[in-house]
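Pasting start_29.txt here (compact mmCIF, C-alpha atoms):
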```txt
# COMPACT_ATOMS: atom_id res chain seq x y z
CA MET A 1 0.00 0.00 0.00
CA ALA A 2 1.44 3.38 -0.98
CA ILE A 3 1.60 6.15 1.58
CA SER A 4 -0.06 9.30 0.28
CA ALA A 5 1.76 12.62 0.22
CA SER A 6 -0.57 14.05 2.85
CA THR A 7 0.36 11.28 5.31
CA TRP A 8 4.01 12.34 5.78
CA ARG A 9 4.64 15.24 8.19
CA ALA A 10 7.73 17.38 8.56
CA ARG A 11 9.39 17.20 11.95
CA GLY A 12 11.43 20.38 11.87
CA ASN A 13 12.33 22.49 8.85
CA ILE A 14 13.20 20.69 5.62
CA ASN A 15 14.93 22.45 2.74
CA PRO A 16 13.89 21.83 -0.89
CA SER A 17 15.32 18.89 -2.84
CA ARG A 18 16.98 17.24 0.16
CA PHE A 19 17.25 13.71 1.52
CA VAL A 20 14.87 12.89 4.38
CA LYS A 21 14.80 10.13 6.98
CA ILE A 22 12.12 8.62 9.18
CA ASP A 23 11.58 10.38 12.51
CA THR A 24 11.54 7.39 14.86
CA SER A 25 9.85 9.41 17.62
CA SER A 26 6.62 10.04 15.68
CA ASP A 27 4.29 8.25 13.29
CA PHE A 28 4.77 9.20 9.62
CA GLY A 29 7.26 11.95 10.50
CA VAL A 30 10.30 12.80 8.37
CA LEU A 31 13.39 14.85 9.17
CA GLN A 32 16.06 16.29 6.91
CA CYS A 33 18.99 13.86 6.81
CA GLY A 34 22.41 14.41 8.31
CA ALA A 35 25.75 13.04 7.15
CA GLY A 36 25.57 9.44 5.93
CA GLU A 37 22.17 8.75 7.49
CA ARG A 38 19.72 6.17 6.14
CA THR A 39 17.29 7.92 3.81
CA VAL A 40 13.67 7.19 3.02
CA GLY A 41 13.49 9.52 0.02
CA ILE A 42 13.81 13.07 -1.27
CA VAL A 43 11.43 16.03 -0.88
CA PRO A 44 10.46 18.12 -3.94
CA ASP A 45 12.00 21.39 -5.02
CA GLY A 46 10.20 24.64 -4.31
CA THR A 47 9.56 26.58 -1.14
CA LYS A 48 6.63 26.76 1.25
CA TYR A 49 6.01 30.43 0.44
CA PRO A 50 7.02 32.39 -2.64
CA VAL A 51 10.47 33.93 -2.53
CA VAL A 52 9.70 37.65 -2.67
CA ASP A 53 11.16 40.98 -1.65
CA ALA A 54 11.25 41.75 2.07
CA GLY A 55 8.07 43.20 3.50
CA PHE A 56 5.58 40.84 1.82
CA GLY A 57 3.21 39.28 4.31
CA SER A 58 4.84 37.26 7.07
CA GLY A 59 8.01 36.88 5.05
CA ALA A 60 9.19 34.56 2.35
CA SER A 61 10.47 31.14 3.23
CA THR A 62 13.43 29.26 1.84
CA VAL A 63 12.25 25.93 3.32
CA TYR A 64 10.15 23.33 1.57
CA ALA A 65 8.30 22.45 4.79
CA GLU A 66 8.15 23.54 8.41
CA ASN A 67 7.37 21.40 11.45
CA GLY A 68 3.96 19.75 11.09
CA ASP A 69 3.49 20.53 7.38
CA PRO A 70 2.42 17.75 5.02
CA VAL A 71 5.37 16.52 2.96
CA ARG A 72 5.59 14.82 -0.43
CA VAL A 73 8.43 12.27 -0.43
CA PHE A 74 9.84 10.78 -3.64
CA THR A 75 10.70 7.15 -2.92
CA SER A 76 12.58 4.26 -4.54
CA GLY A 77 12.36 4.18 -8.32
CA GLU A 78 11.07 7.74 -8.71
CA GLU A 79 12.96 10.49 -10.52
CA CYS A 80 13.26 13.91 -8.90
CA LEU A 81 15.63 16.80 -8.27
CA LEU A 82 18.29 16.68 -5.54
CA GLU A 83 20.54 19.47 -4.34
CA VAL A 84 24.10 18.20 -4.42
CA ASN A 85 27.46 19.27 -3.06
CA ASN A 86 29.76 18.96 -6.06
CA ALA A 87 32.87 20.75 -4.84
CA GLY A 88 35.13 18.33 -6.67
CA THR A 89 37.83 18.74 -4.02
CA GLY A 90 38.13 18.25 -0.29
CA ALA A 91 34.61 17.91 1.05
CA ALA A 92 32.95 16.27 -1.94
CA PRO A 93 34.22 14.51 -5.06
CA ALA A 94 32.74 15.65 -8.40
CA ILE A 95 29.52 13.87 -9.44
CA SER A 96 28.99 12.06 -12.75
CA PRO A 97 25.93 10.23 -14.16
CA GLY A 98 25.60 6.79 -12.55
CA ASP A 99 27.31 7.77 -9.28
CA PHE A 100 25.75 6.59 -6.02
CA LEU A 101 24.80 9.50 -3.75
CA ILE A 102 24.61 9.68 0.03
CA SER A 103 23.54 12.49 2.35
CA ASP A 104 25.93 15.15 3.60
CA ALA A 105 25.45 16.97 6.93
CA ASN A 106 22.80 19.24 5.35
CA GLY A 107 20.77 16.60 3.51
CA ARG A 108 22.40 17.38 0.15
CA GLY A 109 23.66 14.57 -2.04
CA ILE A 110 27.36 13.83 -2.26
CA LYS A 111 29.16 11.18 -4.28
CA TRP A 112 29.69 7.93 -2.41
CA THR A 113 33.23 6.59 -2.60
CA THR A 114 35.23 4.20 -0.47
CA ASN A 115 37.87 5.32 1.99
CA ASN A 116 38.22 8.88 0.71
CA GLY A 117 37.38 10.62 3.96
CA SER A 118 34.91 12.82 2.10
CA GLY A 119 31.58 11.04 2.07
CA GLY A 120 33.12 7.61 1.72
CA GLN A 121 33.06 4.87 4.29
CA THR A 122 35.78 2.69 5.69
CA ALA A 123 35.78 -1.04 5.09
CA ASP A 124 32.98 -3.00 6.77
CA THR A 125 30.99 0.17 7.54
CA PRO A 126 27.63 0.19 5.74
CA SER A 127 26.85 3.17 3.55
CA PHE A 128 23.26 4.25 3.07
CA ILE A 129 22.91 5.03 -0.62
CA GLY A 130 19.94 7.31 -1.29
CA ALA A 131 19.99 7.99 -5.03
CA VAL A 132 21.74 7.48 -8.35
CA ALA A 133 22.82 10.57 -10.32
CA LEU A 134 21.18 10.74 -13.76
CA GLU A 135 23.17 13.80 -14.80
CA ALA A 136 26.26 15.77 -13.81
CA PRO A 137 25.98 19.23 -12.26
CA SER A 138 26.88 22.18 -14.45
CA SER A 139 30.62 22.70 -14.62
CA GLY A 140 32.06 24.99 -11.97
CA LEU A 141 29.12 24.82 -9.54
CA SER A 142 29.94 23.59 -6.04
CA VAL A 143 26.24 23.35 -5.09
CA ALA A 144 23.70 22.49 -7.79
CA VAL A 145 20.38 20.74 -8.35
CA ILE A 146 20.45 17.64 -10.55
CA ARG A 147 18.02 14.95 -11.68
CA VAL A 148 18.38 11.67 -9.77
CA MET A 149 16.60 8.36 -9.31
CA VAL A 150 15.79 7.54 -5.70
CA ALA A 151 17.33 4.17 -4.91
CA TYR A 152 17.94 3.61 -1.25
CA PHE A 153 19.90 0.62 -0.08
CA SER A 154 22.73 -0.26 2.26
CA HIS A 155 26.14 -1.10 0.83
CA THR A 156 29.21 -2.39 2.65
CA PRO A 157 32.54 -2.00 0.82
```
Give the structure from the file, written as C-alpha cells.
Amino acid sequence: MAISASTWRARGNINPSRFVKIDTSSDFGVLQCGAGERTVGIVPDGTKYPVVDAGFGSGASTVYAENGDPVRVFTSGEECLLEVNNAGTGAAPAISPGDFLISDANGRGIKWTTNNGSGGQTADTPSFIGAVALEAPSSGLSVAVIRVMVAYFSHTP
C-alpha cells in the first residue's frame, strides 16, 4: 500500500530537494537527513512560500516544509531533483551520471566513494545510498540541483 503525500509530516524544517529520513519518535514523520544517514526519500524542489522581496506578508520562506506541514516524499524508483554538493575537491568529489549519492550533513547529495574521507566509508561500515545521479551538475558549480533516481539501499565496501 502506498503512503499518500498528505500522510508524511515534517518534523522540523526541511529544505527543498533534500534527503529525508524517518523520525523514529513520531508516526509518519520525516526529518532532513544528516551526514551518511539512512534515507527514506527526497522532498520536492520549491519553497513553502514564494520567494519575494522583504516586507511581503509574514516573510518569504526558503524551506520546503516547516514542522507539522504535510510533505511529499519521492521514494525508490522515482525520478526527482536533488541538491548536491559537487565541490570536486576536499569535502565532496565531483559527481557524474551513474554515481551513487549519500547524504551530507545538510541533507544534500554527495558522491559515495570508499575510503576517501569525504563522504566515503571505511571497510565493513555500511553506507546508506539514497539515489543514483542521472546527470552531472553544471561545470564549476559547487552546489547544484540535478536529476536523480531515488534508490535507497545499504552497501558495505
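Distances here use all atoms listed in the file; by that measure, the residue among A:Ser154, A:Ser96, A:Asn67, A:Thr7 closest to Asp27 in chain A is A:Thr7.
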What's the 10 Å shell around range 132-147 of chain A, counting only C-alpha atoms, without same-chain residues fewer than 6 positions away, as a short mmCIF file (atom, residue, chain, number, x, y, z; two decimals) with C-alpha atoms, keeping the file's coordinate frame?
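Saved result, out35.cif, follows:
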```cif
data_model
loop_
_atom_site.label_atom_id
_atom_site.label_comp_id
_atom_site.auth_asym_id
_atom_site.auth_seq_id
_atom_site.Cartn_x
_atom_site.Cartn_y
_atom_site.Cartn_z
CA PRO A 16 13.89 21.83 -0.89
CA SER A 17 15.32 18.89 -2.84
CA ARG A 18 16.98 17.24 0.16
CA ASP A 45 12.00 21.39 -5.02
CA GLY A 77 12.36 4.18 -8.32
CA GLU A 79 12.96 10.49 -10.52
CA CYS A 80 13.26 13.91 -8.90
CA LEU A 81 15.63 16.80 -8.27
CA LEU A 82 18.29 16.68 -5.54
CA GLU A 83 20.54 19.47 -4.34
CA VAL A 84 24.10 18.20 -4.42
CA ASN A 85 27.46 19.27 -3.06
CA ASN A 86 29.76 18.96 -6.06
CA ALA A 87 32.87 20.75 -4.84
CA GLY A 88 35.13 18.33 -6.67
CA THR A 89 37.83 18.74 -4.02
CA ALA A 92 32.95 16.27 -1.94
CA ALA A 94 32.74 15.65 -8.40
CA ILE A 95 29.52 13.87 -9.44
CA SER A 96 28.99 12.06 -12.75
CA PRO A 97 25.93 10.23 -14.16
CA GLY A 98 25.60 6.79 -12.55
CA ASP A 99 27.31 7.77 -9.28
CA PHE A 100 25.75 6.59 -6.02
CA LEU A 101 24.80 9.50 -3.75
CA ILE A 102 24.61 9.68 0.03
CA ARG A 108 22.40 17.38 0.15
CA GLY A 109 23.66 14.57 -2.04
CA ILE A 110 27.36 13.83 -2.26
CA LYS A 111 29.16 11.18 -4.28
CA TRP A 112 29.69 7.93 -2.41
#
```
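Of the residues listed (A:Val43, A:Phe19, A:Pro93, A:Asp69), A:Phe19 shows the shortest atom-to-atom separation from Tyr152 in chain A; distances use only C-alpha atoms.
Among the candidates A:Ala131, A:Val20, A:Val148, A:Pro70, the one nearest to Trp8 in chain A when counting only C-alpha atoms is A:Pro70.
Shortest separation to Arg72 in chain A among A:Arg11, A:Gly41, A:Gly34, A:Tyr49 occurs at residue A:Gly41, atoms counted being only C-alpha atoms.
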